[in-house]
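Dropping input04.pdb in here (PDB, C-alpha atoms):
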```pdb
ATOM      1  CA  MET A   1     -11.021  19.083  21.434
ATOM      2  CA  THR A   2     -10.886  17.041  24.594
ATOM      3  CA  THR A   3      -8.032  14.679  25.377
ATOM      4  CA  SER A   4     -10.167  11.628  24.628
ATOM      5  CA  VAL A   5     -11.160  13.022  21.216
ATOM      6  CA  ILE A   6      -7.521  13.711  20.299
ATOM      7  CA  THR A   7      -6.531  10.194  21.370
ATOM      8  CA  ALA A   8      -9.349   8.689  19.302
ATOM      9  CA  LEU A   9      -8.405  10.852  16.312
ATOM     10  CA  LEU A  10      -4.757   9.761  16.520
ATOM     11  CA  ALA A  11      -5.774   6.105  16.763
ATOM     12  CA  SER A  12      -8.016   6.528  13.720
ATOM     13  CA  THR A  13      -5.175   8.273  11.876
ATOM     14  CA  ILE A  14      -2.971   5.219  12.366
ATOM     15  CA  ARG A  15      -5.692   2.808  11.253
ATOM     16  CA  GLN A  16      -6.386   4.864   8.125
ATOM     17  CA  GLY A  17      -2.692   5.393   7.364
ATOM     18  CA  VAL A  18      -1.422   1.804   7.594
ATOM     19  CA  PRO A  19      -3.257   0.489   4.473
ATOM     20  CA  ILE A  20      -1.649   3.345   2.527
ATOM     21  CA  LEU A  21       1.796   2.875   4.060
ATOM     22  CA  PHE A  22       2.155  -0.805   3.119
ATOM     23  CA  PRO A  23       1.667  -0.315  -0.649
ATOM     24  CA  ALA A  24       3.523   3.023  -0.589
ATOM     25  CA  VAL A  25       6.679   1.348   0.733
ATOM     26  CA  GLY A  26       6.415  -1.439  -1.828
ATOM     27  CA  GLU A  27       5.887   1.014  -4.666
ATOM     28  CA  THR A  28       8.817   3.142  -3.516
ATOM     29  CA  VAL A  29      11.167   0.156  -3.678
ATOM     30  CA  ALA A  30       9.748  -0.883  -7.068
ATOM     31  CA  GLU A  31      10.114   2.567  -8.609
ATOM     32  CA  ARG A  32      13.638   2.908  -7.246
ATOM     33  CA  ALA A  33      14.375  -0.178  -9.328
ATOM     34  CA  GLY A  34      12.722   1.383 -12.382
ATOM     35  CA  VAL A  35       9.356  -0.399 -12.298
ATOM     36  CA  MET A  36       5.979   1.303 -11.893
ATOM     37  CA  ASN A  37       3.272  -0.891 -10.350
ATOM     38  CA  ILE A  38       0.027   0.947 -11.030
ATOM     39  CA  GLY A  39      -1.809  -2.257 -10.094
ATOM     40  CA  LEU A  40      -1.530  -1.673  -6.344
ATOM     41  CA  GLU A  41      -5.271  -1.165  -6.109
ATOM     42  CA  GLY A  42      -5.894  -4.562  -7.667
ATOM     43  CA  ASN A  43      -3.291  -6.233  -5.438
ATOM     44  CA  MET A  44      -5.038  -4.753  -2.397
ATOM     45  CA  VAL A  45      -8.509  -5.922  -3.443
ATOM     46  CA  ILE A  46      -7.281  -9.445  -4.137
ATOM     47  CA  GLY A  47      -5.425  -9.492  -0.823
ATOM     48  CA  ALA A  48      -8.519  -8.324   1.048
ATOM     49  CA  PHE A  49     -10.821 -10.891  -0.581
ATOM     50  CA  THR A  50      -8.356 -13.728  -0.007
ATOM     51  CA  THR A  51      -8.059 -12.722   3.653
ATOM     52  CA  LEU A  52     -11.816 -13.049   4.090
ATOM     53  CA  LEU A  53     -11.903 -16.357   2.204
ATOM     54  CA  ALA A  54      -8.981 -17.820   4.147
ATOM     55  CA  TYR A  55     -10.504 -16.864   7.496
ATOM     56  CA  GLN A  56     -13.786 -18.575   6.610
ATOM     57  CA  TYR A  57     -11.883 -21.833   6.036
ATOM     58  CA  THR A  58      -9.203 -21.653   8.722
ATOM     59  CA  GLN A  59     -10.725 -19.455  11.460
ATOM     60  CA  SER A  60      -7.178 -18.154  12.000
ATOM     61  CA  LEU A  61      -6.380 -14.457  11.674
ATOM     62  CA  PHE A  62      -2.680 -15.200  11.229
ATOM     63  CA  LEU A  63      -3.284 -17.603   8.343
ATOM     64  CA  ALA A  64      -5.844 -15.253   6.812
ATOM     65  CA  ILE A  65      -3.413 -12.309   6.851
ATOM     66  CA  LEU A  66      -0.643 -14.511   5.475
ATOM     67  CA  ALA A  67      -2.923 -15.720   2.689
ATOM     68  CA  GLY A  68      -3.893 -12.145   1.818
ATOM     69  CA  ALA A  69      -0.259 -11.066   1.569
ATOM     70  CA  LEU A  70       0.674 -14.091  -0.548
ATOM     71  CA  ALA A  71      -2.328 -13.513  -2.811
ATOM     72  CA  GLY A  72      -1.182  -9.951  -3.414
ATOM     73  CA  CYS A  73       2.301 -11.235  -4.207
ATOM     74  CA  LEU A  74       1.060 -13.937  -6.598
ATOM     75  CA  SER A  75      -1.303 -11.541  -8.345
ATOM     76  CA  ALA A  76       1.678  -9.291  -9.053
ATOM     77  CA  VAL A  77       3.124 -12.092 -11.197
ATOM     78  CA  ILE A  78       0.706 -10.982 -13.937
ATOM     79  CA  ILE A  79       2.016  -7.416 -13.754
ATOM     80  CA  ALA A  80       5.656  -8.536 -13.683
ATOM     81  CA  TYR A  81       5.284 -10.914 -16.609
ATOM     82  CA  ILE A  82       3.440  -8.513 -18.909
ATOM     83  CA  GLY A  83       5.177  -5.320 -17.835
ATOM     84  CA  VAL A  84       8.738  -6.533 -17.187
ATOM     85  CA  SER A  85       9.235  -9.704 -19.217
ATOM     86  CA  ARG A  86       6.992  -8.776 -22.154
ATOM     87  CA  ASN A  87       7.948  -5.061 -22.051
ATOM     88  CA  GLN A  88       4.383  -3.763 -22.340
ATOM     89  CA  PRO A  89       3.549  -0.226 -21.071
ATOM     90  CA  GLN A  90       3.571  -0.564 -17.307
ATOM     91  CA  ALA A  91       0.942   2.099 -16.661
ATOM     92  CA  VAL A  92      -1.513   0.414 -19.054
ATOM     93  CA  VAL A  93      -0.794  -3.012 -17.571
ATOM     94  CA  GLY A  94      -1.473  -1.686 -14.065
ATOM     95  CA  PHE A  95      -4.759   0.001 -14.942
ATOM     96  CA  MET A  96      -6.015  -3.067 -16.803
ATOM     97  CA  PHE A  97      -5.035  -5.270 -13.860
ATOM     98  CA  ASN A  98      -7.001  -3.033 -11.486
ATOM     99  CA  ILE A  99     -10.112  -3.451 -13.625
ATOM    100  CA  PHE A 100      -9.581  -7.217 -13.836
ATOM    101  CA  ALA A 101      -9.056  -7.584 -10.065
ATOM    102  CA  ALA A 102     -12.094  -5.467  -9.186
ATOM    103  CA  GLY A 103     -14.324  -7.467 -11.525
ATOM    104  CA  LEU A 104     -12.962 -10.858 -10.444
ATOM    105  CA  THR A 105     -13.282 -10.272  -6.694
ATOM    106  CA  SER A 106     -16.733  -8.699  -7.061
ATOM    107  CA  PHE A 107     -17.949 -11.689  -9.085
ATOM    108  CA  LEU A 108     -16.494 -14.272  -6.697
ATOM    109  CA  TYR A 109     -17.860 -12.467  -3.639
ATOM    110  CA  ARG A 110     -21.376 -12.422  -5.079
ATOM    111  CA  VAL A 111     -21.168 -16.076  -6.097
ATOM    112  CA  LEU A 112     -19.802 -17.342  -2.781
ATOM    113  CA  TYR A 113     -21.615 -15.017  -0.385
ATOM    114  CA  ALA A 114     -24.784 -14.022  -2.230
ATOM    115  CA  ASN A 115     -27.050 -14.312   0.807
ATOM    116  CA  SER A 116     -24.648 -13.493   3.615
ATOM    117  CA  ARG A 117     -22.061 -10.986   4.750
ATOM    118  CA  PRO A 118     -19.324 -12.954   6.506
ATOM    119  CA  LYS A 119     -17.428 -11.237   9.272
ATOM    120  CA  VAL A 120     -13.813 -11.319  10.413
ATOM    121  CA  PRO A 121     -12.808 -10.419  13.989
ATOM    122  CA  LEU A 122     -10.708  -7.296  14.273
ATOM    123  CA  LEU A 123      -7.142  -7.334  15.546
ATOM    124  CA  SER A 124      -6.734  -6.354  19.171
ATOM    125  CA  SER A 125      -4.382  -3.618  20.301
ATOM    126  CA  LEU A 126      -0.907  -4.465  21.534
ATOM    127  CA  GLU A 127       0.008  -2.075  24.329
ATOM    128  CA  LEU A 128       3.674  -1.299  24.925
ATOM    129  CA  PRO A 129       4.547  -1.339  28.633
ATOM    130  CA  LEU A 130       4.843   2.118  30.230
ATOM    131  CA  LEU A 131       4.675   3.934  26.860
ATOM    132  CA  SER A 132       0.980   3.130  26.464
ATOM    133  CA  LYS A 133       0.314   5.047  29.705
ATOM    134  CA  ILE A 134       1.600   8.354  28.325
ATOM    135  CA  PRO A 135      -1.280  10.870  28.305
ATOM    136  CA  VAL A 136      -2.975  11.587  24.951
ATOM    137  CA  VAL A 137      -0.542   9.716  22.653
ATOM    138  CA  GLY A 138      -0.051   6.580  24.749
ATOM    139  CA  GLY A 139      -3.514   5.246  24.048
ATOM    140  CA  SER A 140      -3.056   5.590  20.292
ATOM    141  CA  ILE A 141       0.562   5.572  19.108
ATOM    142  CA  PHE A 142       1.739   2.997  21.639
ATOM    143  CA  SER A 143      -1.418   0.884  21.651
ATOM    144  CA  MET A 144      -1.585  -0.166  18.002
ATOM    145  CA  ASP A 145      -2.337  -3.551  16.499
ATOM    146  CA  ILE A 146       0.509  -5.811  15.426
ATOM    147  CA  LEU A 147       0.224  -4.972  11.704
ATOM    148  CA  ALA A 148       0.550  -1.257  12.398
ATOM    149  CA  TYR A 149       3.824  -1.881  14.212
ATOM    150  CA  LEU A 150       4.882  -4.121  11.330
ATOM    151  CA  ALA A 151       4.119  -1.414   8.744
ATOM    152  CA  ILE A 152       6.401   1.042  10.537
ATOM    153  CA  LEU A 153       9.171  -1.550  10.870
ATOM    154  CA  VAL A 154       8.884  -2.459   7.175
ATOM    155  CA  SER A 155       9.195   1.215   6.236
ATOM    156  CA  LEU A 156      12.309   1.678   8.362
ATOM    157  CA  ALA A 157      13.839  -1.588   7.150
ATOM    158  CA  ALA A 158      13.207  -0.706   3.500
ATOM    159  CA  GLY A 159      14.895   2.657   4.004
ATOM    160  CA  PHE A 160      17.906   0.966   5.600
ATOM    161  CA  VAL A 161      18.208  -1.609   2.819
ATOM    162  CA  LEU A 162      17.852   0.932   0.011
ATOM    163  CA  TYR A 163      20.381   3.420   1.356
ATOM    164  CA  LYS A 164      22.745   1.460   3.600
ATOM    165  CA  THR A 165      23.340  -1.874   1.855
ATOM    166  CA  LYS A 166      24.858  -3.195  -1.350
ATOM    167  CA  LEU A 167      21.505  -4.639  -2.385
ATOM    168  CA  GLY A 168      19.928  -1.196  -2.065
ATOM    169  CA  LEU A 169      22.656   0.358  -4.197
ATOM    170  CA  GLN A 170      22.065  -2.278  -6.862
ATOM    171  CA  LEU A 171      18.320  -1.688  -6.815
ATOM    172  CA  ARG A 172      18.727   2.073  -7.125
ATOM    173  CA  SER A 173      21.144   1.612 -10.012
ATOM    174  CA  LEU A 174      18.391  -0.218 -11.908
ATOM    175  CA  GLY A 175      16.223   2.871 -11.772
ATOM    176  CA  GLU A 176      18.989   5.174 -12.968
ATOM    177  CA  ASN A 177      20.962   3.189 -15.547
ATOM    178  CA  PRO A 178      19.915  -0.458 -15.960
ATOM    179  CA  ARG A 179      22.308  -0.953 -18.887
ATOM    180  CA  ALA A 180      25.277  -0.032 -16.702
ATOM    181  CA  ALA A 181      23.921  -2.263 -13.922
ATOM    182  CA  GLN A 182      23.726  -5.173 -16.355
ATOM    183  CA  SER A 183      27.340  -4.604 -17.388
ATOM    184  CA  TYR A 184      28.327  -5.232 -13.759
ATOM    185  CA  GLY A 185      26.556  -8.581 -13.784
ATOM    186  CA  ILE A 186      23.258  -7.534 -12.178
ATOM    187  CA  ASN A 187      20.230  -9.486 -13.384
ATOM    188  CA  VAL A 188      18.025  -6.499 -14.219
ATOM    189  CA  VAL A 189      14.914  -8.469 -15.171
ATOM    190  CA  GLY A 190      15.243 -10.791 -12.178
ATOM    191  CA  TYR A 191      15.621  -7.919  -9.719
ATOM    192  CA  ARG A 192      12.692  -6.086 -11.259
ATOM    193  CA  TRP A 193      10.553  -9.177 -10.962
ATOM    194  CA  GLY A 194      11.536  -9.302  -7.300
ATOM    195  CA  VAL A 195      10.532  -5.719  -6.526
ATOM    196  CA  VAL A 196       7.192  -6.075  -8.326
ATOM    197  CA  LEU A 197       6.401  -9.177  -6.281
ATOM    198  CA  PHE A 198       7.518  -7.318  -3.139
ATOM    199  CA  SER A 199       5.183  -4.419  -3.929
ATOM    200  CA  GLY A 200       2.351  -6.885  -4.534
ATOM    201  CA  LEU A 201       3.083  -8.604  -1.217
ATOM    202  CA  LEU A 202       2.883  -5.344   0.739
ATOM    203  CA  ALA A 203      -0.209  -4.205  -1.178
ATOM    204  CA  GLY A 204      -1.868  -7.533  -0.367
ATOM    205  CA  LEU A 205      -0.929  -6.971   3.269
ATOM    206  CA  GLY A 206      -2.535  -3.533   3.064
ATOM    207  CA  GLY A 207      -5.696  -5.139   1.700
ATOM    208  CA  ALA A 208      -5.644  -7.709   4.495
ATOM    209  CA  TYR A 209      -5.342  -4.867   7.011
ATOM    210  CA  LEU A 210      -8.531  -3.298   5.699
ATOM    211  CA  VAL A 211     -10.392  -6.502   6.526
ATOM    212  CA  VAL A 212      -8.835  -7.425   9.875
ATOM    213  CA  ALA A 213      -8.354  -3.962  11.380
ATOM    214  CA  ILE A 214     -10.918  -1.569   9.863
ATOM    215  CA  THR A 215     -14.017  -3.138   8.298
ATOM    216  CA  GLY A 216     -14.181  -6.702   9.633
ATOM    217  CA  SER A 217     -15.667  -7.744   6.300
ATOM    218  CA  PHE A 218     -15.185  -7.393   2.553
ATOM    219  CA  ALA A 219     -16.794  -5.148  -0.058
ATOM    220  CA  PRO A 220     -15.988  -4.999  -3.796
ATOM    221  CA  ASP A 221     -14.714  -1.412  -3.466
ATOM    222  CA  ILE A 222     -12.919  -1.943  -0.159
ATOM    223  CA  SER A 223      -9.612  -0.362  -1.240
ATOM    224  CA  ALA A 224     -11.432   2.865  -2.210
ATOM    225  CA  GLY A 225      -8.491   4.403  -4.051
ATOM    226  CA  ARG A 226      -5.889   3.786  -1.359
ATOM    227  CA  GLY A 227      -3.575   2.219  -3.928
ATOM    228  CA  PHE A 228      -3.574   5.470  -5.874
ATOM    229  CA  LEU A 229      -2.954   7.443  -2.681
ATOM    230  CA  ALA A 230       0.075   5.197  -2.140
ATOM    231  CA  LEU A 231       1.342   6.235  -5.580
ATOM    232  CA  ALA A 232       0.927   9.884  -4.593
ATOM    233  CA  VAL A 233       2.800   9.276  -1.320
ATOM    234  CA  CYS A 234       5.639   7.660  -3.253
ATOM    235  CA  LEU A 235       6.105  10.770  -5.402
ATOM    236  CA  LEU A 236       5.511  13.412  -2.745
ATOM    237  CA  CYS A 237       7.916  11.746  -0.298
ATOM    238  CA  GLY A 238      10.740  11.703  -2.823
ATOM    239  CA  TRP A 239      10.832   7.919  -3.311
ATOM    240  CA  HIS A 240      12.080   7.393   0.238
ATOM    241  CA  PRO A 241      10.429   4.613   2.299
ATOM    242  CA  VAL A 242      10.962   6.308   5.659
ATOM    243  CA  TYR A 243       9.448   9.585   4.492
ATOM    244  CA  SER A 244       6.453   7.541   3.325
ATOM    245  CA  LEU A 245       5.544   7.307   7.003
ATOM    246  CA  ILE A 246       4.817  11.028   7.020
ATOM    247  CA  GLY A 247       2.839  11.015   3.790
ATOM    248  CA  SER A 248       0.786   7.923   4.603
ATOM    249  CA  PHE A 249      -0.177   9.030   8.089
ATOM    250  CA  GLY A 250      -0.807  12.515   6.729
ATOM    251  CA  TYR A 251      -3.476  11.155   4.399
ATOM    252  CA  GLY A 252      -4.594   8.900   7.233
ATOM    253  CA  PHE A 253      -5.175  11.958   9.396
ATOM    254  CA  ILE A 254      -7.211  13.673   6.683
ATOM    255  CA  ASN A 255      -9.395  10.592   6.317
ATOM    256  CA  ALA A 256      -9.755  10.227  10.082
ATOM    257  CA  PHE A 257     -10.639  13.911  10.384
ATOM    258  CA  GLN A 258     -13.347  13.725   7.731
ATOM    259  CA  LEU A 259     -14.842  10.698   9.520
ATOM    260  CA  HIS A 260     -14.801  12.736  12.734
ATOM    261  CA  LEU A 261     -16.593  15.588  10.970
ATOM    262  CA  GLN A 262     -19.232  13.193   9.692
ATOM    263  CA  ALA A 263     -19.758  11.818  13.204
ATOM    264  CA  LYS A 264     -20.143  15.374  14.513
ATOM    265  CA  GLY A 265     -22.847  16.035  11.933
ATOM    266  CA  VAL A 266     -21.092  18.875  10.093
ATOM    267  CA  ALA A 267     -23.427  20.536   7.585
ATOM    268  CA  LEU A 268     -21.508  19.425   4.495
ATOM    269  CA  PRO A 269     -22.399  16.757   1.929
ATOM    270  CA  TYR A 270     -20.867  13.474   3.065
ATOM    271  CA  GLN A 271     -19.715  12.849  -0.514
ATOM    272  CA  LEU A 272     -17.494  15.931  -0.257
ATOM    273  CA  LEU A 273     -16.043  14.745   3.047
ATOM    274  CA  LEU A 274     -15.336  11.282   1.622
ATOM    275  CA  ALA A 275     -13.534  12.881  -1.307
ATOM    276  CA  LEU A 276     -11.409  15.123   0.939
ATOM    277  CA  PRO A 277      -8.267  12.901   1.039
ATOM    278  CA  TYR A 278      -8.269  12.646  -2.750
ATOM    279  CA  ILE A 279      -8.829  16.360  -3.208
ATOM    280  CA  VAL A 280      -5.860  17.008  -0.930
ATOM    281  CA  ALA A 281      -3.811  14.451  -2.874
ATOM    282  CA  ILE A 282      -4.515  16.199  -6.177
ATOM    283  CA  LEU A 283      -3.736  19.624  -4.756
ATOM    284  CA  SER A 284      -0.542  18.401  -3.116
ATOM    285  CA  LEU A 285       0.622  16.842  -6.381
ATOM    286  CA  LEU A 286      -0.101  20.087  -8.238
ATOM    287  CA  LEU A 287       1.687  22.251  -5.687
ATOM    288  CA  ALA A 288       4.537  20.049  -4.478
ATOM    289  CA  GLY A 289       4.928  17.372  -7.113
ATOM    290  CA  ARG A 290       5.965  19.481 -10.108
ATOM    291  CA  ASN A 291       9.692  19.657  -9.374
ATOM    292  CA  LYS A 292      10.120  16.140  -8.005
ATOM    293  CA  ARG A 293      12.743  14.111  -9.818
ATOM    294  CA  GLY A 294      12.259  10.389  -9.718
ATOM    295  CA  PRO A 295      14.445   7.543 -10.993
ATOM    296  CA  LYS A 296      15.401   8.223 -14.616
ATOM    297  CA  THR A 297      14.138   5.005 -16.143
ATOM    298  CA  VAL A 298      11.041   4.368 -14.004
ATOM    299  CA  GLY A 299       8.292   2.845 -16.123
ATOM    300  CA  GLY A 300      10.621   2.388 -19.083
ATOM    301  CA  VAL A 301      11.271  -0.690 -21.190
ATOM    302  CA  PHE A 302      14.457  -2.709 -20.709
ATOM    303  CA  GLU A 303      15.707  -5.192 -23.294
ATOM    304  CA  ARG A 304      18.672  -7.398 -22.427
ATOM    305  CA  GLU A 305      20.206  -7.155 -25.893
ATOM    306  CA  GLY A 306      19.293  -3.506 -26.505
ATOM    307  CA  ARG A 307      21.601  -0.508 -26.529
TER     308      ARG A 307
END
```

Render the structure in this file as structure tokens.
Amino acid sequence: MTTSVITALLASTIRQGVPILFPAVGETVAERAGVMNIGLEGNMVIGAFTTLLAYQYTQSLFLAILAGALAGCLSAVIIAYIGVSRNQPQAVVGFMFNIFAAGLTSFLYRVLYANSRPKVPLLSSLELPLLSKIPVVGGSIFSMDILAYLAILVSLAAGFVLYKTKLGLQLRSLGENPRAAQSYGINVVGYRWGVVLFSGLLAGLGGAYLVVAITGSFAPDISAGRGFLALAVCLLCGWHPVYSLIGSFGYGFINAFQLHLQAKGVALPYQLLLALPYIVAILSLLLAGRNKRGPKTVGGVFEREGR
């Protein structure tokens, strides 16, 4: 490969990895607190559609991204209420929410934009002085868009909060022994509501990124399984937000590489190349995910008056 090809591949890796990293960090925090948000895919789709809708009305990328993130957060209220407050099976709630979100956004898109395909301008790169001039990596790693920088900062900040602060200790205690946490005066249900909304916010931001940094438009299947890849990253990276950087950009590289192979005209069915990241995810879960130990009570039911 030439230097320009490597630089382009690295830049594509970042673009493909960021929409996985956002929901992966949110899910990591949620599962550390004992809640499993399987509805990340739905949060992303709703965030992406709201981003498109908001831009059409405001013509502001900032407001559109903000609206997409808030839409993801608000949509997670459904998951939190049914899964946390009503103590219904969290996996079932998440899958049903994904179906609901996909159907709702597809219907609204066809109703509002039946005869058009509205566009959204893509975010421009933000070059870091001096660092962006480094050969090969400078034009990719240090010339990212603002949301890519934000995704990395969010990952690092989440790792700091979880492992270096009192709040992080409290959140982790919810995933290990919520009854003991409650005995120390921690509002288990309130905290779990908070982490579900946080995961929805970041998933909505990931959906917004798809629109403003990759596609420039919306499609009913725009998330394309990235929410489920985020779940895989959460497990494979040991429920650590900082390690999620490695997993997310790893899958981002695989996706970028298969796009490169398609552009080169490799004699393989394009369906197989599109499925490559998900094939790798399944294999990695089979090989490396068997002995992973997550929070003890993740996905479990908590009742305030129970034993």

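Taking all atoms listed in the file into account, the protein, DNA and RNA residues within 6 Å of (-10.8, 11.2, 4.7) read Ile254, Asn255, Ala256, Gln258, Leu274, Leu276 and Pro277 of chain A.
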
Padding 8 Å on each side, edges along x, y and z: where is the centre of the box around the listed atoms of segment 108-124 of chain A, and how long are its edges in Å to one decimal? Output it as JSON.
```
{"center_x": -16.9, "center_y": -11.8, "center_z": 6.2, "size_x": 36.3, "size_y": 27.0, "size_z": 41.9}
```

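The nearest approach to Gly42 of chain A among the residues A:Val211, A:Leu63, A:Ala101, A:Ala76, with all atoms listed in the file taken into account, belongs to A:Ala101.
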
What is the atom CA of Leu130 of chain A to atom CA of Tyr243 of chain A distance in Å?
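Separation of atom CA of Leu130 of chain A and atom CA of Tyr243 of chain A: 27.2 Å.
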
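Distance-wise, atom CA of Tyr251 of chain A and atom CA of Ala281 of chain A end up 8.0 Å apart.
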
Identify the residues within 9 Å of coordinate (14.0, 0.7, -5.2) (same frame as the file), considering all atoms listed in the file, and give the answer as a ChimeraX atom specification.
/A:26-35,158,162,168-175,195,239-240,295

Find the distance between atom CA of Pro118 of chain A and atom CA of Tyr55 of chain A and write it in Å to one decimal.
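Calculated distance between atom CA of Pro118 of chain A and atom CA of Tyr55 of chain A is 9.7 Å.
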
For Pro129 of chain A, which of A:Ser143, A:Ser199, A:Gly225, A:Ile6 is the closest residue, counting all atoms listed in the file?
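For Pro129 of chain A, the nearest of the candidates is A:Ser143.
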
Hits from the PyMOL selection byres ((chain A and resi 83-87) around 12), listed as a PyMOL selection string:
chain A and resi 30+33-39+76-82+88-97+188-197+298-304

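Excluding segment 214-218 of chain A itself and any same-chain residue fewer than 6 positions from it, the protein and nucleic acid residues within 6 Å of it, counting all atoms listed in the file, are A:Lys119, A:Val120, A:Pro121, A:Leu122.
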
Which one of A:Leu153, A:Ala48, A:Ala203, A:Leu147 sits closest to Leu123 of chain A if you count only C-alpha atoms?
A:Leu147

All residues 12 Å or closer to Ser284 of chain A, all atoms listed in the file, same chain fewer than 2 positions away omitted, as an MDAnalysis selection string:
chainID A and resid 229 232:233 235:237 247 250:251 277:282 286:290 292

My list of candidates is A:Ala102, A:Val212, A:Leu268, A:Ala230. Which is closest to Thr51 of chain A when distances are computed with all atoms listed in the file?
A:Val212

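When the PyMOL selection byres ((chain A and resi 127) around 12) is evaluated against the file, it yields Ser124, Ser125, Leu126, Leu128, Pro129, Leu130, Leu131, Ser132, Lys133, Ile134, Val137, Gly138, Gly139, Ser140, Ile141, Phe142, Ser143, Met144, Asp145, Ile146, Ala148 and Tyr149 of chain A.
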
For Pro241 of chain A, work out the shell of residues within 6 Å, counting all atoms listed in the file and skipping chain neighbours fewer than 6 positions away, then give it as a list of chain:residue names.
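Those residues are A:Val25, A:Ser155, A:Gly159.
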
Got time to write the residues from that selection, C-alpha atoms, as a short mmCIF file (atom, residue, chain, number, x, y, z; two decimals), keeping the file's coordinate frame?
```
data_model
loop_
_atom_site.label_atom_id
_atom_site.label_comp_id
_atom_site.auth_asym_id
_atom_site.auth_seq_id
_atom_site.Cartn_x
_atom_site.Cartn_y
_atom_site.Cartn_z
CA VAL A 25 6.68 1.35 0.73
CA SER A 155 9.20 1.22 6.24
CA GLY A 159 14.90 2.66 4.00
#
```
